2 protein chains.
Amino acid sequence: MATLKQVAAHAEVSVQTVSNALNAPHRLRADTLERVNRSIELLNYRPNRNARSLRTSAVELIGYCVPNWPNQTHLVMDQFLHALCAAAERTSRHILLFTAPPGVEGMPVYDDLHARRLVDGFVLSQTETHDPRHGWLKEQKIPFVSFGRVWKETTQPGPWVDVDGAAGSALAVRHLHETGRRRIAFLGWPKTSGLAEDRLGGWRTQCKELELPTTGLTVRCVEDSIEEGARATAELLDSGQEPDGIVALSDILALGALRELTRRGLTPGRDVGVTGFDDSPLAEVVSPGLTSLKQPMDEIAAELLAILTAPSDLAHLATERLLQPELVIRGSSASG
Amino acid sequence: MATLKQVAAHAEVSVQTVSNALNAPHRLRADTLERVNRSIELLNYRPNRNARSLRTSAVELIGYCVPNWPNQTHLVMDQFLHALCAAAERTSRHILLFTAPPGVEGMPVYDDLHARRLVDGFVLSQTETHDPRHGWLKEQKIPFVSFGRVWKETTQPGPWVDVDGAAGSALAVRHLHETGRRRIAFLGWPKTSGLAEDRLGGWRTQCKELELPTTGLTVRCVEDSIEEGARATAELLDSGQEPDGIVALSDILALGALRELTRRGLTPGRDVGVTGFDDSPLAEVVSPGLTSLKQPMDEIAAELLAILTAPSDLAHLATERLLQPELVIRGSSASG
DNA sequence: CGGATGTTTTTTAACGTTCAAAACACCCGT
DNA sequence: ACGGGTGTTTTGAACGTTAAAAAACATCCG
């Protein structure tokens, strides 16, 4: 494995000159640069990242804790990871995975990774209502950025990127309204989830704006399962509210809605329009296809990395980014 | 951030002694060790991994290419990653993610990561029929281990760990047989997939052994979707073969089967037993729950890491490990 | 007490890179 | 011819660690 020294010897220049050829080529005379580059090419030289990191004390690795507790966002985690990786690579960084217990128990792990210089900073996701990580990391002055707001806190420590769930629900409501629905229900989760409240709020606001009814049109599901979505839908259909549209808080719940509708001989998309959230692989694979709100993963990842890798003198700018989801329309909400 | 030097000064020993306290404590006199450890504790010292890696030329990072092409195993990717991470950490290693184009196009990326010393080696997954990576990496003498065999090759370059798909199918068939089914069908994929042939073979062999019929009881689905699974199931039901059990090659296809059965007024689990593959999160969340073959992720990850981190003098031992899937029984195969 | 033996600790020299400063080369105007 | 600038290249030191060798220190035994 060639080193700078060997390249330098081959090109008959000093070691530093080769280093400059790579990191500050404008400093070299054109002919020297070319000669050095030829030697680099010829010897198939690649800089040793450990030596570089030791010297510059920047490892260009970003830690991401791979979640293991069961959760709704798992179905799109691979999309997120891929986007995150790709975005990192665009700034010549990489993602380092690790596991940590949830909550404050996990903090030593974050601390350790940073202290041993395995990572420069962290991307947090799976943000929870009283997530202790943000405050702790900020206090330790460890760089991080959060995918997802810490809900119910008036001001959140540190930078974040999130998707506007309220706007997403509103988008779904408008779409169902445009396709002729007038009694649009919402399948949600208990109040404890900030995410759920956000999406619910968007549904309510948009319904009000369009002068659509909301009372009796919301059901809270106790867990994120197809079964529970079906049960909630049944409850809705039996309540006499006669919904002709259903905005579900997750694709899984929406799948439950589809199943219950089908079971009752109703045709999703024709009789009742249904939308889900997150545009998981399932949405495409189910029949009729499930209309769903796609999170702009590439944009999210790009923003996360932009914030994390911003030079520290700009670190105060634009550290809170609320991105818009996109409605992917499929058969489940075909014109009614 | 404390360094060895500072700890050494504090404990009034040489730098090397502190290093030894961490890497070869048996070499120190008990009282010295204790004194050094106190200083380490007090100064909250953590070794700088870059400096260590530079010196020892081992980074203790393992590369894993995050797949982006649509594929059946995505639904359990998060489980796999979590298991892999945890296994890596048990040997004080970590997983580094990267993206690369599929096939031979991606080889420069692997090469680069290794040459720049970002990783010690690789875990490959998403193994394809004519996967060029294995041969290439072996030729380059870059350490790797494959999750999944390269199919249709008599001898595969390099070590691998895989799950015995044939045994899995056989397990499903035996289970359906034990619960009273006698006409067990198989929902598969086209012949081009080695994985599909493996699982199909297991079904056929086990059926023969139990003297169950096989002719006319297999359908090949052209893609891995619920729709296609339902279509195939319909085809099966219309063929006059009257299957009372269905072994599906994936959870998604099995879901299609469940849907088609329900649509026809048949009760999955009572009238027809259905099993899927991979025990994705869906299997649990659907109703009735889907009986499915769980891949032993923790064991897989542990084996992958054991092979990858084996001292090179043992590298020839046990580098091919075929693990057994486990049948997770749920409502879809309740006693007939 | 002197040496042999074994244990513990220190010294020296790397690993491969980049930073800061110094050295060198060249051109220009006076 | 000389001082000053500008552009290019080299020198020396440092980043924090560990391997190998050397040195220092104990211990034991005859």
# chains A, B, ... in the order shown; residues from 1 in each chain; ligands from 1
>>> residues_around(residues="A:Thr205", least_positions_apart="2", cutoff="10 Å", atoms="only C-alpha atoms (C1' of nucleotides)", output="number ranges by chain")
A: 166-167, 169-170, 173, 200-203, 207-212, 214
>>> write_last_selection(atoms="N, CA and C atoms", output="CSV table (one decimal), in the first residue's frame")
chain,number,residue,atom,x,y,z
A,166,ALA,N,-48.8,18.1,9.9
A,166,ALA,CA,-50.1,18.8,9.8
A,166,ALA,C,-50.3,19.1,8.4
A,167,ALA,N,-49.3,19.6,7.7
A,167,ALA,CA,-49.5,20.0,6.3
A,167,ALA,C,-49.8,18.7,5.5
A,169,SER,N,-51.4,16.0,6.5
A,169,SER,CA,-52.9,15.6,6.7
A,169,SER,C,-53.7,16.6,5.9
A,170,ALA,N,-53.4,17.9,5.9
A,170,ALA,CA,-54.2,18.8,5.2
A,170,ALA,C,-54.2,18.5,3.7
A,173,VAL,N,-56.5,15.7,3.2
A,173,VAL,CA,-57.9,16.2,3.3
A,173,VAL,C,-58.3,16.9,2.0
A,200,LEU,N,-53.1,15.0,13.4
A,200,LEU,CA,-54.5,15.2,13.8
A,200,LEU,C,-54.9,16.6,13.6
A,201,GLY,N,-54.0,17.5,14.1
A,201,GLY,CA,-54.3,19.0,14.0
A,201,GLY,C,-54.5,19.4,12.6
A,202,GLY,N,-53.6,18.9,11.7
A,202,GLY,CA,-53.7,19.3,10.3
A,202,GLY,C,-55.0,18.9,9.7
A,203,TRP,N,-55.4,17.7,10.0
A,203,TRP,CA,-56.7,17.2,9.5
A,203,TRP,C,-57.8,18.1,10.0
A,207,CYS,N,-60.1,20.5,7.6
A,207,CYS,CA,-61.6,20.2,7.5
A,207,CYS,C,-62.4,21.5,7.9
A,208,LYS,N,-62.0,22.2,8.9
A,208,LYS,CA,-62.7,23.4,9.3
A,208,LYS,C,-62.6,24.4,8.2
A,209,GLU,N,-61.4,24.5,7.6
A,209,GLU,CA,-61.3,25.5,6.5
A,209,GLU,C,-62.2,25.2,5.3
A,210,LEU,N,-62.4,23.9,5.1
A,210,LEU,CA,-63.2,23.5,3.9
A,210,LEU,C,-64.7,23.4,4.4
A,211,GLU,N,-64.9,23.7,5.6
A,211,GLU,CA,-66.3,23.6,6.2
A,211,GLU,C,-66.8,22.2,6.2
A,212,LEU,N,-65.9,21.3,6.5
A,212,LEU,CA,-66.3,19.9,6.6
A,212,LEU,C,-66.5,19.5,8.0
A,214,THR,N,-66.2,17.6,11.6
A,214,THR,CA,-65.1,16.8,12.2
A,214,THR,C,-65.6,16.0,13.4
>>> closest_atom_pairs(of="chain C", to="chain A", cutoff="10 Å", atoms="only C-alpha atoms (C1' of nucleotides)", output="tab-separated table")
residue	atom	partner	partner_atom	distance
C:DC15	C1'	A:Ala51	CA	7.9
C:DG16	C1'	A:Ala51	CA	4.9
C:DT17	C1'	A:Arg52	CA	4.8
C:DT18	C1'	A:Arg55	CA	6.1
C:DC19	C1'	A:Arg55	CA	8.9
>>> select_by_dssp(residues="stretch 113-325 of chain B", states="strand (DSSP E)", output="JSON, numbers by chain")
{"B": [121, 122, 123, 124, 144, 145, 146, 147, 160, 161, 162, 163, 184, 185, 186, 187, 188, 218, 219, 220, 245, 246, 247, 248, 273, 274, 275, 276, 277, 291, 292, 293, 294, 320, 321, 322, 323]}
>>> calpha_fit_and_write(fixed="chain B", moving="chain A", output="short mmCIF file (atom, residue, chain, number, x, y, z; two decimals) with C-alpha atoms, in the first residue's frame")
data_model
loop_
_atom_site.label_atom_id
_atom_site.label_comp_id
_atom_site.auth_asym_id
_atom_site.auth_seq_id
_atom_site.Cartn_x
_atom_site.Cartn_y
_atom_site.Cartn_z
CA MET A 1 -9.63 15.75 25.96
CA ALA A 2 -7.06 13.82 27.93
CA THR A 3 -4.27 11.92 26.19
CA LEU A 4 -2.03 9.10 27.28
CA LYS A 5 0.68 11.62 27.98
CA GLN A 6 -1.44 13.54 30.43
CA VAL A 7 -2.55 10.42 32.21
CA ALA A 8 1.05 9.29 32.39
CA ALA A 9 2.12 12.58 33.90
CA HIS A 10 -0.68 12.44 36.43
CA ALA A 11 0.09 8.87 37.46
CA GLU A 12 3.81 9.53 37.37
CA VAL A 13 4.61 6.71 35.00
CA SER A 14 5.67 6.56 31.39
CA VAL A 15 3.26 6.77 28.51
CA GLN A 16 3.84 3.15 27.60
CA THR A 17 2.84 2.02 31.06
CA VAL A 18 -0.54 3.65 30.69
CA SER A 19 -0.93 2.05 27.31
CA ASN A 20 -0.13 -1.29 28.88
CA ALA A 21 -2.59 -0.70 31.67
CA LEU A 22 -5.25 -0.70 29.00
CA ASN A 23 -3.99 -3.30 26.55
CA ALA A 24 -1.98 -5.68 28.71
CA PRO A 25 -2.81 -5.04 32.35
CA HIS A 26 -1.18 -8.29 33.46
CA ARG A 27 2.19 -6.75 32.76
CA LEU A 28 1.81 -4.13 35.47
CA ARG A 29 2.41 -4.49 39.16
CA ALA A 30 -0.90 -4.43 40.97
CA ASP A 31 -0.29 -1.13 42.71
CA THR A 32 0.89 0.60 39.56
CA LEU A 33 -2.13 -0.66 37.70
CA GLU A 34 -4.41 0.72 40.32
CA ARG A 35 -2.69 4.07 40.37
CA VAL A 36 -2.86 4.34 36.60
CA ASN A 37 -6.48 3.30 36.56
CA ARG A 38 -7.30 5.97 39.09
CA SER A 39 -5.68 8.59 36.90
CA ILE A 40 -7.51 7.30 33.85
CA GLU A 41 -10.78 7.49 35.71
CA LEU A 42 -10.03 10.88 37.15
CA LEU A 43 -9.06 12.46 33.87
CA ASN A 44 -11.84 10.62 32.08
CA TYR A 45 -9.36 9.37 29.55
CA ARG A 46 -10.49 7.61 26.35
CA PRO A 47 -8.04 6.27 23.87
CA ASN A 48 -8.03 8.01 20.53
CA ARG A 49 -9.05 5.40 18.04
CA ASN A 50 -7.43 7.12 15.09
CA ALA A 51 -4.02 7.12 16.65
CA ARG A 52 -4.45 3.52 17.64
CA SER A 53 -5.58 2.50 14.18
CA LEU A 54 -2.74 4.34 12.58
CA ARG A 55 -0.27 2.45 14.68
CA THR A 56 -1.87 -0.97 14.48
CA SER A 57 -3.35 -0.56 11.02
CA ALA A 58 -6.66 -2.07 12.08
CA VAL A 59 -9.67 0.18 12.17
CA GLU A 60 -12.18 -2.24 13.64
CA LEU A 61 -14.84 -1.04 11.25
CA ILE A 62 -16.78 -3.27 8.92
CA GLY A 63 -18.36 -1.99 5.76
CA TYR A 64 -21.91 -2.79 4.81
CA CYS A 65 -23.45 -1.57 1.59
CA VAL A 66 -26.97 -0.35 2.18
CA PRO A 67 -29.08 -1.76 -0.59
CA ASN A 68 -31.41 0.45 -2.56
CA TRP A 69 -32.84 -1.69 -5.26
CA PRO A 70 -36.33 -2.92 -4.46
CA ASN A 71 -36.18 -6.36 -3.00
CA GLN A 72 -38.00 -8.82 -0.79
CA THR A 73 -35.64 -8.69 2.14
CA HIS A 74 -36.07 -5.03 2.84
CA LEU A 75 -38.81 -5.60 5.33
CA VAL A 76 -36.40 -7.25 7.71
CA MET A 77 -33.38 -5.15 6.95
CA ASP A 78 -33.70 -3.17 10.14
CA GLN A 79 -33.66 -6.39 12.14
CA PHE A 80 -30.59 -7.53 10.30
CA LEU A 81 -28.78 -4.26 10.78
CA HIS A 82 -29.57 -4.17 14.44
CA ALA A 83 -28.32 -7.71 14.94
CA LEU A 84 -25.21 -6.99 12.90
CA CYS A 85 -24.44 -3.87 14.89
CA ALA A 86 -24.93 -5.59 18.19
CA ALA A 87 -22.74 -8.50 17.14
CA ALA A 88 -20.05 -6.13 15.94
CA GLU A 89 -20.09 -4.24 19.20
CA ARG A 90 -19.63 -7.46 21.11
CA THR A 91 -16.23 -7.69 19.47
CA SER A 92 -15.61 -3.94 19.87
CA ARG A 93 -16.20 -3.28 16.21
CA HIS A 94 -18.66 -1.09 14.39
CA ILE A 95 -20.55 -1.07 11.13
CA LEU A 96 -19.86 1.57 8.54
CA LEU A 97 -22.52 2.11 5.93
CA PHE A 98 -21.93 3.04 2.36
CA THR A 99 -23.70 3.02 -0.98
CA ALA A 100 -22.42 1.46 -4.15
CA PRO A 101 -23.86 0.65 -7.52
CA PRO A 102 -24.78 -3.01 -7.84
CA GLY A 103 -22.51 -5.52 -9.48
CA VAL A 104 -19.06 -4.90 -10.80
CA GLU A 105 -19.71 -1.18 -11.13
CA GLY A 106 -19.54 -0.92 -7.39
CA MET A 107 -16.17 -2.55 -6.93
CA PRO A 108 -14.14 0.67 -6.95
CA VAL A 109 -16.15 1.80 -3.96
CA TYR A 110 -15.25 -1.30 -1.98
CA ASP A 111 -11.67 -0.97 -3.07
CA ASP A 112 -11.48 2.64 -2.06
CA LEU A 113 -12.95 2.13 1.38
CA HIS A 114 -10.46 -0.58 2.06
CA ALA A 115 -7.48 1.20 0.55
CA ARG A 116 -8.11 4.39 2.52
CA ARG A 117 -8.39 2.27 5.62
CA LEU A 118 -11.93 3.21 6.43
CA VAL A 119 -12.82 -0.43 6.96
CA ASP A 120 -11.06 -3.69 7.66
CA GLY A 121 -13.48 -5.77 5.65
CA PHE A 122 -17.01 -6.18 4.40
CA VAL A 123 -20.24 -7.97 5.09
CA LEU A 124 -22.05 -8.62 1.84
CA SER A 125 -25.75 -9.20 1.59
CA GLN A 126 -28.32 -9.01 -1.17
CA THR A 127 -26.26 -11.64 -2.87
CA GLU A 128 -27.23 -12.06 -6.48
CA THR A 129 -27.02 -15.01 -8.79
CA HIS A 130 -23.92 -13.92 -10.60
CA ASP A 131 -22.58 -11.68 -7.92
CA PRO A 132 -19.13 -10.50 -8.98
CA ARG A 133 -18.20 -9.11 -5.61
CA HIS A 134 -17.11 -12.32 -3.96
CA GLY A 135 -14.57 -13.32 -6.54
CA TRP A 136 -13.25 -9.82 -6.84
CA LEU A 137 -12.80 -9.29 -3.12
CA LYS A 138 -11.15 -12.65 -2.73
CA GLU A 139 -8.75 -11.84 -5.51
CA GLN A 140 -7.89 -8.51 -3.89
CA LYS A 141 -7.40 -10.34 -0.58
CA ILE A 142 -9.86 -8.00 1.07
CA PRO A 143 -11.56 -9.71 4.02
CA PHE A 144 -15.27 -10.30 3.62
CA VAL A 145 -18.08 -12.64 4.46
CA SER A 146 -21.31 -13.09 2.59
CA PHE A 147 -24.79 -13.32 4.01
CA GLY A 148 -26.33 -15.56 1.39
CA ARG A 149 -24.79 -18.01 -1.02
CA VAL A 150 -24.04 -17.12 -4.58
CA TRP A 151 -26.42 -19.53 -6.18
CA LYS A 152 -25.74 -21.97 -8.94
CA GLU A 153 -22.03 -21.83 -8.42
CA THR A 154 -20.63 -25.15 -7.36
CA THR A 155 -18.02 -23.62 -5.11
CA GLN A 156 -18.44 -20.13 -3.85
CA PRO A 157 -15.45 -17.88 -3.36
CA GLY A 158 -15.01 -16.91 0.24
CA PRO A 159 -16.86 -17.60 3.44
CA TRP A 160 -20.61 -17.35 3.79
CA VAL A 161 -23.48 -17.69 6.21
CA ASP A 162 -26.93 -18.50 4.97
CA VAL A 163 -30.33 -19.67 6.09
CA ASP A 164 -31.50 -23.04 4.89
CA GLY A 165 -34.49 -22.13 2.76
CA ALA A 166 -35.18 -25.73 1.78
CA ALA A 167 -35.32 -26.75 5.43
CA GLY A 168 -37.60 -23.78 6.05
CA SER A 169 -40.09 -24.85 3.42
CA ALA A 170 -39.91 -28.41 4.72
CA LEU A 171 -40.66 -27.13 8.20
CA ALA A 172 -43.69 -25.29 6.89
CA VAL A 173 -44.90 -28.34 4.99
CA ARG A 174 -44.51 -30.58 8.03
CA HIS A 175 -46.35 -28.09 10.18
CA LEU A 176 -49.25 -27.85 7.75
CA HIS A 177 -49.26 -31.63 7.46
CA GLU A 178 -49.38 -32.03 11.22
CA THR A 179 -52.33 -29.68 11.39
CA GLY A 180 -54.19 -31.92 8.99
CA ARG A 181 -53.46 -30.46 5.57
CA ARG A 182 -52.93 -32.90 2.73
CA ARG A 183 -52.83 -30.76 -0.41
CA ILE A 184 -50.12 -28.21 0.20
CA ALA A 185 -49.31 -25.74 -2.55
CA PHE A 186 -46.26 -23.53 -3.10
CA LEU A 187 -46.24 -19.89 -4.18
CA GLY A 188 -42.90 -19.11 -5.69
CA TRP A 189 -40.93 -16.88 -8.01
CA PRO A 190 -39.42 -17.46 -11.42
CA LYS A 191 -36.55 -19.92 -11.79
CA THR A 192 -34.00 -17.18 -12.10
CA SER A 193 -33.80 -16.76 -8.36
CA GLY A 194 -31.58 -19.21 -6.48
CA LEU A 195 -33.40 -18.38 -3.31
CA ALA A 196 -36.69 -19.31 -4.89
CA GLU A 197 -35.37 -22.62 -6.19
CA ASP A 198 -33.98 -23.48 -2.78
CA ARG A 199 -37.27 -22.92 -1.03
CA LEU A 200 -39.23 -24.62 -3.76
CA GLY A 201 -36.96 -27.66 -3.57
CA GLY A 202 -37.55 -28.00 0.16
CA TRP A 203 -41.29 -27.94 -0.35
CA ARG A 204 -41.15 -30.58 -3.08
CA THR A 205 -38.84 -32.90 -1.18
CA GLN A 206 -40.84 -32.74 2.00
CA CYS A 207 -44.12 -33.29 0.17
CA LYS A 208 -42.66 -36.36 -1.53
CA GLU A 209 -41.43 -37.66 1.78
CA LEU A 210 -44.86 -37.30 3.33
CA GLU A 211 -46.40 -38.76 0.19
CA LEU A 212 -48.29 -35.59 -0.53
CA PRO A 213 -49.15 -34.54 -4.07
CA THR A 214 -47.13 -31.83 -5.77
CA THR A 215 -48.27 -31.72 -9.38
CA GLY A 216 -50.26 -28.67 -10.26
CA LEU A 217 -49.66 -27.29 -6.80
CA THR A 218 -47.02 -24.72 -7.61
CA VAL A 219 -47.42 -21.24 -9.06
CA ARG A 220 -44.67 -18.84 -9.94
CA CYS A 221 -45.43 -15.23 -9.22
CA VAL A 222 -43.81 -12.66 -11.45
CA GLU A 223 -43.20 -10.14 -8.70
CA ASP A 224 -43.25 -9.87 -4.96
CA SER A 225 -46.54 -8.08 -4.41
CA ILE A 226 -49.74 -8.69 -2.54
CA GLU A 227 -51.64 -8.39 -5.79
CA GLU A 228 -49.57 -11.06 -7.45
CA GLY A 229 -49.86 -13.36 -4.44
CA ALA A 230 -53.61 -12.98 -4.58
CA ARG A 231 -53.68 -13.65 -8.28
CA ALA A 232 -51.58 -16.78 -7.90
CA THR A 233 -53.80 -18.00 -5.10
CA ALA A 234 -56.86 -17.45 -7.24
CA GLU A 235 -55.20 -19.42 -10.02
CA LEU A 236 -54.52 -22.21 -7.58
CA LEU A 237 -58.03 -22.26 -6.21
CA ASP A 238 -59.52 -22.22 -9.68
CA SER A 239 -57.30 -25.01 -10.93
CA GLY A 240 -59.37 -27.70 -9.26
CA GLN A 241 -56.43 -28.84 -7.16
CA GLU A 242 -58.26 -27.78 -4.01
CA PRO A 243 -55.25 -26.91 -1.88
CA ASP A 244 -55.77 -26.81 1.87
CA GLY A 245 -52.33 -25.43 2.62
CA ILE A 246 -50.15 -22.77 1.00
CA VAL A 247 -46.45 -22.29 1.57
CA ALA A 248 -45.56 -18.88 0.22
CA LEU A 249 -42.05 -17.84 -0.63
CA SER A 250 -42.43 -14.48 1.05
CA ASP A 251 -44.62 -12.76 3.58
CA ILE A 252 -45.88 -10.43 0.91
CA LEU A 253 -47.08 -13.27 -1.29
CA ALA A 254 -48.61 -14.92 1.76
CA LEU A 255 -50.50 -11.71 2.47
CA GLY A 256 -51.86 -11.90 -1.04
CA ALA A 257 -52.97 -15.45 -0.36
CA LEU A 258 -54.71 -14.39 2.83
CA ARG A 259 -56.53 -11.65 1.01
CA GLU A 260 -57.73 -13.86 -1.80
CA LEU A 261 -58.91 -16.53 0.61
CA THR A 262 -60.80 -13.98 2.67
CA ARG A 263 -62.29 -12.48 -0.44
CA ARG A 264 -63.71 -15.85 -1.35
CA GLY A 265 -65.25 -16.31 2.05
CA LEU A 266 -62.64 -18.84 3.13
CA THR A 267 -61.11 -18.45 6.56
CA PRO A 268 -57.31 -18.60 6.56
CA GLY A 269 -56.16 -20.94 9.26
CA ARG A 270 -59.41 -22.84 9.33
CA ASP A 271 -60.10 -23.65 5.70
CA VAL A 272 -56.61 -23.19 4.31
CA GLY A 273 -53.35 -22.96 6.22
CA VAL A 274 -50.89 -20.32 4.99
CA THR A 275 -47.25 -19.73 5.80
CA GLY A 276 -44.88 -16.98 4.74
CA PHE A 277 -41.15 -16.39 4.85
CA ASP A 278 -38.95 -14.02 6.86
CA ASP A 279 -41.32 -13.15 9.69
CA SER A 280 -41.45 -9.51 8.71
CA PRO A 281 -43.19 -7.01 11.00
CA LEU A 282 -46.28 -7.47 8.85
CA ALA A 283 -46.72 -11.08 9.83
CA GLU A 284 -47.48 -10.04 13.36
CA VAL A 285 -49.59 -7.07 12.53
CA VAL A 286 -51.95 -8.71 10.10
CA SER A 287 -55.04 -10.60 11.18
CA PRO A 288 -55.07 -13.51 11.45
CA GLY A 289 -51.36 -13.42 12.28
CA LEU A 290 -49.26 -14.94 9.58
CA THR A 291 -47.28 -18.07 10.35
CA SER A 292 -43.81 -17.39 9.01
CA LEU A 293 -40.25 -18.64 8.96
CA LYS A 294 -38.05 -16.43 11.05
CA GLN A 295 -34.43 -16.02 10.11
CA PRO A 296 -32.22 -16.34 13.19
CA MET A 297 -30.84 -12.84 12.84
CA ASP A 298 -28.76 -12.80 16.00
CA GLU A 299 -27.15 -16.08 15.16
CA ILE A 300 -26.55 -14.99 11.57
CA ALA A 301 -24.90 -11.79 12.70
CA ALA A 302 -22.81 -13.59 15.28
CA GLU A 303 -21.56 -16.08 12.70
CA LEU A 304 -20.81 -13.36 10.19
CA LEU A 305 -18.69 -11.54 12.71
CA ALA A 306 -17.05 -14.65 14.03
CA ILE A 307 -15.86 -15.49 10.54
CA LEU A 308 -14.81 -11.97 9.73
CA THR A 309 -12.88 -11.41 12.91
CA ALA A 310 -11.33 -14.85 13.19
CA PRO A 311 -7.57 -14.71 13.58
CA SER A 312 -6.09 -15.37 10.17
CA ASP A 313 -4.51 -18.65 11.23
CA LEU A 314 -7.98 -20.08 11.80
CA ALA A 315 -9.52 -18.47 8.78
CA HIS A 316 -9.94 -21.74 6.94
CA LEU A 317 -12.19 -23.31 9.59
CA ALA A 318 -15.95 -23.32 9.39
CA THR A 319 -16.32 -20.62 6.80
CA GLU A 320 -19.59 -21.98 5.47
CA ARG A 321 -22.48 -21.95 7.89
CA LEU A 322 -26.02 -22.96 6.99
CA LEU A 323 -28.41 -21.92 9.73
CA GLN A 324 -31.92 -23.13 10.39
CA PRO A 325 -34.96 -20.88 10.25
CA GLU A 326 -37.58 -21.09 12.95
CA LEU A 327 -41.28 -21.46 12.31
CA VAL A 328 -43.29 -18.82 14.11
CA ILE A 329 -46.81 -20.15 14.31
CA ARG A 330 -49.73 -17.74 14.18
CA GLY A 331 -53.39 -17.81 13.27
CA SER A 332 -52.98 -18.30 9.54
CA SER A 333 -52.11 -21.92 10.11
CA ALA A 334 -54.27 -22.68 13.13
CA SER A 335 -55.33 -26.31 13.35
CA GLY A 336 -57.52 -27.07 10.38
#
>>> interface_residues(of="chain D", to="chain A", cutoff="9 Å", atoms="only C-alpha atoms (C1' of nucleotides)", output="number ranges by chain")
D: 7-10, 14-16
>>> write_last_selection(atoms="N, CA and C atoms (P, O5', C5', C4', C3', O3' and C1' of nucleotides)", output="compact mmCIF listing (two decimals), in the first residue's frame")
# COMPACT_ATOMS: atom_id res chain seq x y z
P DG D 7 0.55 35.46 -6.38
O5' DG D 7 1.37 34.17 -6.79
C5' DG D 7 2.27 34.21 -7.92
C4' DG D 7 3.22 33.03 -7.80
C3' DG D 7 2.53 31.70 -7.43
O3' DG D 7 3.00 30.73 -8.34
C1' DG D 7 4.36 32.12 -5.99
P DT D 8 2.39 29.28 -8.37
O5' DT D 8 3.52 28.45 -7.63
C5' DT D 8 4.77 28.25 -8.31
C4' DT D 8 5.73 27.55 -7.38
C3' DT D 8 5.29 26.16 -6.93
O3' DT D 8 6.21 25.25 -7.52
C1' DT D 8 6.26 27.42 -5.15
P DT D 9 6.12 23.70 -7.22
O5' DT D 9 7.02 23.56 -5.92
C5' DT D 9 8.44 23.63 -6.06
C4' DT D 9 9.07 23.45 -4.70
C3' DT D 9 8.79 22.11 -4.04
O3' DT D 9 10.00 21.38 -3.99
C1' DT D 9 8.63 23.93 -2.50
P DT D 10 10.13 20.05 -3.18
O5' DT D 10 10.62 20.61 -1.77
C5' DT D 10 11.88 21.30 -1.71
C4' DT D 10 12.20 21.63 -0.28
C3' DT D 10 12.32 20.43 0.66
O3' DT D 10 13.57 20.52 1.31
C1' DT D 10 10.86 22.07 1.58
P DA D 14 7.17 19.73 18.56
O5' DA D 14 5.67 19.21 18.40
C5' DA D 14 4.68 20.07 17.84
C4' DA D 14 3.61 19.21 17.21
C3' DA D 14 3.11 18.07 18.10
O3' DA D 14 1.82 18.42 18.55
C1' DA D 14 3.39 17.40 15.81
P DC D 15 1.20 17.63 19.76
O5' DC D 15 0.01 16.82 19.09
C5' DC D 15 -0.95 17.44 18.25
C4' DC D 15 -1.69 16.35 17.52
C3' DC D 15 -1.89 15.11 18.37
O3' DC D 15 -3.18 15.20 19.00
C1' DC D 15 -1.17 14.56 16.13
P DG D 16 -3.26 14.97 20.61
O5' DG D 16 -3.15 13.39 20.74
C5' DG D 16 -4.20 12.61 20.20
C4' DG D 16 -3.79 11.16 20.23
C3' DG D 16 -3.40 10.65 21.63
O3' DG D 16 -4.19 9.50 21.88
C1' DG D 16 -1.78 10.04 20.02
>>> residues_around(residues="D:DA26", least_positions_apart="6", cutoff="12 Å", atoms="only C-alpha atoms (C1' of nucleotides)", output="list in words")
Arg29 of chain B; DT5, DG6, DT7 and DT8 of chain C
>>> atom_distance(atom1="atom C1' of D:DA22", atom2="atom C1' of C:DA4")
18.2 Å
>>> atom_distance(atom1="atom C1' of C:DT11", atom2="atom C1' of D:DC28")
27.8 Å
>>> select_by_dssp(residues="stretch 101-280 of chain A", states="alpha helix (DSSP H)", output="VMD selection string")
chain A and resid 107 to 115 133 to 139 165 to 178 194 to 209 226 to 238 251 to 263
>>> decode(residues="stretch 16-27 of chain D", atoms="C-alpha atoms (C1' of nucleotides)", output="compact mmCIF listing (two decimals), in the first residue's frame")
# COMPACT_ATOMS: atom_id res chain seq x y z
C1' DG D 16 -1.78 10.04 20.02
C1' DT D 17 -0.87 5.70 19.98
C1' DT D 18 1.80 0.96 20.22
C1' DA D 19 5.80 -2.45 19.12
C1' DA D 20 10.17 -3.70 20.19
C1' DA D 21 14.09 -3.31 22.58
C1' DA D 22 16.50 -1.83 26.38
C1' DA D 23 16.95 -0.74 30.98
C1' DA D 24 15.84 -0.90 35.65
C1' DC D 25 14.35 -3.29 39.39
C1' DA D 26 13.31 -7.55 42.30
C1' DT D 27 14.02 -12.03 43.72
